[in-house]
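J.: Just passing along the structure, written as structure tokens.
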Amino acid sequence: MVIRIGVIGVGFGAKVQAPAFQAEGFEVAAICSRREERAREAAASLGIPHPYTDYREMLEQPDLDAVSIVTPPNLHHEMAAAALDAGKHVLCEKPFAMDEAEAKAMLDKSRGTKLTAMVAHEFRFAPARAYVKELLEQGYVGDFQSASVTLFMRGGPPGGRPGFDWRQQYSYGGGQLGGLGSHYIDCLRDWFGDVASVSGRVFTPANGAHGADTSDDAFGLLMNFAKGGWASLAADFTAPLGSKVRMEIHGTEGSLSLSHAGPNPPPDGTVFGARHADDKELRELPVPERFHVALDERDARLGAFCVLARRFRRGIEEGTSPTPNFEDAYRCQQIMDAVRFGGAGRWAELGE
């Protein structure tokens, strides 16, 4: 089955998504950028036949089966709605929407169709994280009690980010809570299930790592899970000498730990674990071959995204929306809204 997909966006869309789709047997039939020269350049370098500057014109292409939306979040709602109305399967980049109301509207619209609708939380499939999920399902830590995730690092190149960067612009959906925090919130939900309540806040230093920021450089939150247990997530991207990323999980019978130097999980990764009855300290747990992803020198993120593209293909072929889907994206948005708008010290109960 040949699936013809169009990609809206030529940053991450051209660097990672389009090559991954091609590697997984999709026909990338169109690519769109508001700047014509960038659309044509991306199309030429990737062998894509149809460059566009207007995504609505791209959606009118009759043989297009699906679209991937790789734009700033302020455009996701209108683009996803237009794509679903045009009968296209949709993969939407994170952060999913500008707020919970937009996210719910996108979820509801997708439910009214038989189309596959997924969100690009590809780091679920980074080998170490996927292995941790299996260990948890096998009961390695016993009954889950607590988890801690910390991210302390510089959020951009020394001296700030040159030129325009939508992550710095709240009006475009910028901010580190959405840009990177959403991946970690999704990871915790993938591991431990739905969140029942959350409390937290975001921070925007007056003289942050990127100068006069208009969105958050740091955040902290606590989550209680519906099935039991709790997690903390703290991040500061104005900490160039910080300890980078560390993730710890503790249960009644064991503990798990993983860490990495960059904001994103590496394409290999290492897991450490200990069973309280047998081990006095953490030891390395080799990641099984079945979780390994293809290594690609073009970009370290390609391997995990290829797994996501494979799931997207399966959803289209089976008429389903595999996880991570619009339901997952909506739940993540609920949590982020509670942190961003809820106020420090207040607990938000998360409903339907």
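In the structure tokens, chains take letters A, B, ... by order of appearance, with residues numbered from 1 within each chain and ligands from 1 in the order shown.
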Per DSSP on the backbone, what are the helix (DSSP H, G or I) residues of range 103-311 of chain A, as a VMD selection string?
T.: chain A and resid 103 to 111 122 to 125 127 to 137 166 to 168 170 to 172 176 to 192 289 to 291 302 to 311
J.: Could you pull the residues within 12 Å of Leu115 in chain A, counting only C-alpha atoms, minus those fewer than 3 positions along the same chain, as an MDAnalysis selection string?
T.: chainID A and resid 65:67 80:81 83:91 107 109:112 118 312:313 315:322 325:326
J.: What's the 9 Å shell around Tyr55 in chain A, counting only C-alpha atoms, without same-chain residues fewer than 5 positions away, as an MDAnalysis selection string?
T.: chainID A and resid 8 31:34 60 79
J.: I need the chosen residues saved as a PDB file, in the first residue's frame, with N, CA and C atoms.
T.:
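Result file selection09.pdb:
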```pdb
ATOM      1  N   ILE A   8       4.018  19.794   6.059  1.00  0.00           N
ATOM      2  CA  ILE A   8       3.882  21.245   6.183  1.00  0.00           C
ATOM      3  C   ILE A   8       4.950  21.732   7.150  1.00  0.00           C
ATOM      4  N   ILE A  31       5.580  19.138  -0.154  1.00  0.00           N
ATOM      5  CA  ILE A  31       6.135  19.809   1.016  1.00  0.00           C
ATOM      6  C   ILE A  31       5.780  21.282   0.928  1.00  0.00           C
ATOM      7  N   CYS A  32       5.538  21.904   2.089  1.00  0.00           N
ATOM      8  CA  CYS A  32       5.017  23.263   2.095  1.00  0.00           C
ATOM      9  C   CYS A  32       5.811  24.147   3.054  1.00  0.00           C
ATOM     10  N   SER A  33       6.122  25.344   2.593  1.00  0.00           N
ATOM     11  CA  SER A  33       6.715  26.390   3.418  1.00  0.00           C
ATOM     12  C   SER A  33       6.156  27.721   2.947  1.00  0.00           C
ATOM     13  N   ARG A  34       5.978  28.651   3.854  1.00  0.00           N
ATOM     14  CA  ARG A  34       5.449  29.956   3.442  1.00  0.00           C
ATOM     15  C   ARG A  34       6.439  30.702   2.548  1.00  0.00           C
ATOM     16  N   GLU A  60      -5.520  20.306  -1.457  1.00  0.00           N
ATOM     17  CA  GLU A  60      -6.365  20.057  -2.626  1.00  0.00           C
ATOM     18  C   GLU A  60      -5.741  19.056  -3.586  1.00  0.00           C
ATOM     19  N   MET A  79      -4.837  24.107  10.859  1.00  0.00           N
ATOM     20  CA  MET A  79      -4.297  23.186   9.858  1.00  0.00           C
ATOM     21  C   MET A  79      -4.836  21.772  10.043  1.00  0.00           C
TER      22      MET A  79
END
```
J.: May I have the residues within 7 Å of range 179-188 of chain A as a PyMOL selection string, using only C-alpha atoms and disregarding those fewer than 6 positions away in the same chain?
T.: chain A and resi 95+121+124+167+332
J.: For Ala218 in chain A, which residue among A:Thr270, A:Ser232, A:Ala39, A:Leu151 is the nearest when counting only C-alpha atoms?
T.: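 The answer is A:Leu151, which sits nearest to Ala218 in chain A.
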J.: Which one is closest to Asp337 in chain A: A:Arg189, A:Arg56, A:Arg201, A:Arg154? Count only C-alpha atoms.
T.: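 Ranking A:Arg189, A:Arg56, A:Arg201, A:Arg154 by distance to Asp337 in chain A, first place goes to A:Arg201.
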J.: Going by DSSP on the backbone, which bits of range 3-107 of chain A are strand (DSSP E)? Write them as a VMD selection string, please.
T.: chain A and resid 4 to 8 27 to 32 50 to 52 66 to 69 89 to 92
J.: Now that the selection is made, can you save its residues with N, CA, C and O atoms as a PDB file, in the first residue's frame?
T.:
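Done, and the output landed in selection_12.pdb:
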```pdb
ATOM      1  N   ARG A   4       0.681   8.345   0.291  1.00  0.00           N
ATOM      2  CA  ARG A   4       1.251   9.610  -0.169  1.00  0.00           C
ATOM      3  C   ARG A   4       1.006  10.663   0.904  1.00  0.00           C
ATOM      4  O   ARG A   4      -0.128  10.929   1.280  1.00  0.00           O
ATOM      5  N   ILE A   5       2.092  11.266   1.374  1.00  0.00           N
ATOM      6  CA  ILE A   5       2.005  12.220   2.469  1.00  0.00           C
ATOM      7  C   ILE A   5       2.590  13.560   2.065  1.00  0.00           C
ATOM      8  O   ILE A   5       3.527  13.621   1.266  1.00  0.00           O
ATOM      9  N   GLY A   6       2.018  14.620   2.608  1.00  0.00           N
ATOM     10  CA  GLY A   6       2.553  15.965   2.447  1.00  0.00           C
ATOM     11  C   GLY A   6       3.035  16.473   3.790  1.00  0.00           C
ATOM     12  O   GLY A   6       2.421  16.202   4.823  1.00  0.00           O
ATOM     13  N   VAL A   7       4.135  17.199   3.793  1.00  0.00           N
ATOM     14  CA  VAL A   7       4.728  17.716   5.024  1.00  0.00           C
ATOM     15  C   VAL A   7       4.625  19.241   5.014  1.00  0.00           C
ATOM     16  O   VAL A   7       5.074  19.892   4.068  1.00  0.00           O
ATOM     17  N   ILE A   8       4.018  19.794   6.059  1.00  0.00           N
ATOM     18  CA  ILE A   8       3.882  21.245   6.183  1.00  0.00           C
ATOM     19  C   ILE A   8       4.950  21.732   7.150  1.00  0.00           C
ATOM     20  O   ILE A   8       4.850  21.540   8.360  1.00  0.00           O
ATOM     21  N   GLU A  27       5.415   7.694   0.262  1.00  0.00           N
ATOM     22  CA  GLU A  27       5.789   8.579  -0.838  1.00  0.00           C
ATOM     23  C   GLU A  27       5.543  10.007  -0.372  1.00  0.00           C
ATOM     24  O   GLU A  27       4.391  10.405  -0.187  1.00  0.00           O
ATOM     25  N   VAL A  28       6.610  10.738  -0.132  1.00  0.00           N
ATOM     26  CA  VAL A  28       6.450  12.148   0.261  1.00  0.00           C
ATOM     27  C   VAL A  28       6.184  12.927  -1.023  1.00  0.00           C
ATOM     28  O   VAL A  28       7.084  13.224  -1.798  1.00  0.00           O
ATOM     29  N   ALA A  29       4.910  13.224  -1.229  1.00  0.00           N
ATOM     30  CA  ALA A  29       4.474  13.776  -2.516  1.00  0.00           C
ATOM     31  C   ALA A  29       4.433  15.286  -2.534  1.00  0.00           C
ATOM     32  O   ALA A  29       4.333  15.888  -3.613  1.00  0.00           O
ATOM     33  N   ALA A  30       4.509  15.940  -1.364  1.00  0.00           N
ATOM     34  CA  ALA A  30       4.407  17.395  -1.330  1.00  0.00           C
ATOM     35  C   ALA A  30       5.068  17.921  -0.064  1.00  0.00           C
ATOM     36  O   ALA A  30       5.127  17.228   0.962  1.00  0.00           O
ATOM     37  N   ILE A  31       5.580  19.138  -0.154  1.00  0.00           N
ATOM     38  CA  ILE A  31       6.135  19.809   1.016  1.00  0.00           C
ATOM     39  C   ILE A  31       5.780  21.282   0.928  1.00  0.00           C
ATOM     40  O   ILE A  31       5.708  21.849  -0.178  1.00  0.00           O
ATOM     41  N   CYS A  32       5.538  21.904   2.089  1.00  0.00           N
ATOM     42  CA  CYS A  32       5.017  23.263   2.095  1.00  0.00           C
ATOM     43  C   CYS A  32       5.811  24.147   3.054  1.00  0.00           C
ATOM     44  O   CYS A  32       6.135  23.746   4.170  1.00  0.00           O
ATOM     45  N   HIS A  50       6.236  18.069  -5.452  1.00  0.00           N
ATOM     46  CA  HIS A  50       5.344  19.233  -5.401  1.00  0.00           C
ATOM     47  C   HIS A  50       5.648  20.139  -4.209  1.00  0.00           C
ATOM     48  O   HIS A  50       5.275  19.832  -3.076  1.00  0.00           O
ATOM     49  N   PRO A  51       6.309  21.289  -4.452  1.00  0.00           N
ATOM     50  CA  PRO A  51       6.483  22.281  -3.382  1.00  0.00           C
ATOM     51  C   PRO A  51       5.305  23.261  -3.361  1.00  0.00           C
ATOM     52  O   PRO A  51       4.774  23.622  -4.418  1.00  0.00           O
ATOM     53  N   TYR A  52       4.905  23.678  -2.169  1.00  0.00           N
ATOM     54  CA  TYR A  52       3.791  24.618  -2.009  1.00  0.00           C
ATOM     55  C   TYR A  52       4.177  25.727  -1.028  1.00  0.00           C
ATOM     56  O   TYR A  52       5.024  25.531  -0.153  1.00  0.00           O
ATOM     57  N   ALA A  66      -2.303  11.743   3.374  1.00  0.00           N
ATOM     58  CA  ALA A  66      -2.029  12.152   4.745  1.00  0.00           C
ATOM     59  C   ALA A  66      -1.172  13.412   4.756  1.00  0.00           C
ATOM     60  O   ALA A  66      -0.526  13.746   3.755  1.00  0.00           O
ATOM     61  N   VAL A  67      -1.175  14.092   5.895  1.00  0.00           N
ATOM     62  CA  VAL A  67      -0.314  15.262   6.070  1.00  0.00           C
ATOM     63  C   VAL A  67       0.348  15.188   7.440  1.00  0.00           C
ATOM     64  O   VAL A  67      -0.217  14.655   8.396  1.00  0.00           O
ATOM     65  N   SER A  68       1.549  15.740   7.516  1.00  0.00           N
ATOM     66  CA  SER A  68       2.228  15.936   8.788  1.00  0.00           C
ATOM     67  C   SER A  68       2.399  17.431   8.998  1.00  0.00           C
ATOM     68  O   SER A  68       2.921  18.133   8.127  1.00  0.00           O
ATOM     69  N   ILE A  69       1.933  17.912  10.149  1.00  0.00           N
ATOM     70  CA  ILE A  69       1.953  19.345  10.456  1.00  0.00           C
ATOM     71  C   ILE A  69       3.149  19.624  11.346  1.00  0.00           C
ATOM     72  O   ILE A  69       3.200  19.182  12.499  1.00  0.00           O
ATOM     73  N   HIS A  89      -5.402  11.843   6.638  1.00  0.00           N
ATOM     74  CA  HIS A  89      -4.876  11.395   7.914  1.00  0.00           C
ATOM     75  C   HIS A  89      -3.871  12.442   8.417  1.00  0.00           C
ATOM     76  O   HIS A  89      -3.184  13.081   7.611  1.00  0.00           O
ATOM     77  N   VAL A  90      -3.774  12.600   9.737  1.00  0.00           N
ATOM     78  CA  VAL A  90      -2.971  13.700  10.282  1.00  0.00           C
ATOM     79  C   VAL A  90      -1.990  13.211  11.337  1.00  0.00           C
ATOM     80  O   VAL A  90      -2.360  12.488  12.266  1.00  0.00           O
ATOM     81  N   LEU A  91      -0.745  13.626  11.176  1.00  0.00           N
ATOM     82  CA  LEU A  91       0.248  13.552  12.237  1.00  0.00           C
ATOM     83  C   LEU A  91       0.604  14.987  12.588  1.00  0.00           C
ATOM     84  O   LEU A  91       1.037  15.748  11.716  1.00  0.00           O
ATOM     85  N   CYS A  92       0.410  15.379  13.849  1.00  0.00           N
ATOM     86  CA  CYS A  92       0.631  16.762  14.269  1.00  0.00           C
ATOM     87  C   CYS A  92       1.815  16.835  15.216  1.00  0.00           C
ATOM     88  O   CYS A  92       1.919  16.045  16.154  1.00  0.00           O
TER      89      CYS A  92
END
```
J.: Find the residue from A:Arg346, A:Arg340, A:Arg35, A:Arg310 that sits nearest to Gln17 in chain A; use only C-alpha atoms when measuring.
T.: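 Answer, going by the shortest atom-to-atom distance: A:Arg310.
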J.: Can you measure CA of Gly351 in chain A to CA of Phe123 in chain A for me? One decimal in Å is fine.
T.: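 Interatomic distance, CA of Gly351 in chain A to CA of Phe123 in chain A: 25.8 Å.
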J.: Would you please work out which residue, of A:Tyr172, A:Arg301, A:Arg290, A:Gln61, is nearest to Pro49 in chain A when using only C-alpha atoms?
T.: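 Smallest distance to Pro49 in chain A is found for A:Gln61.
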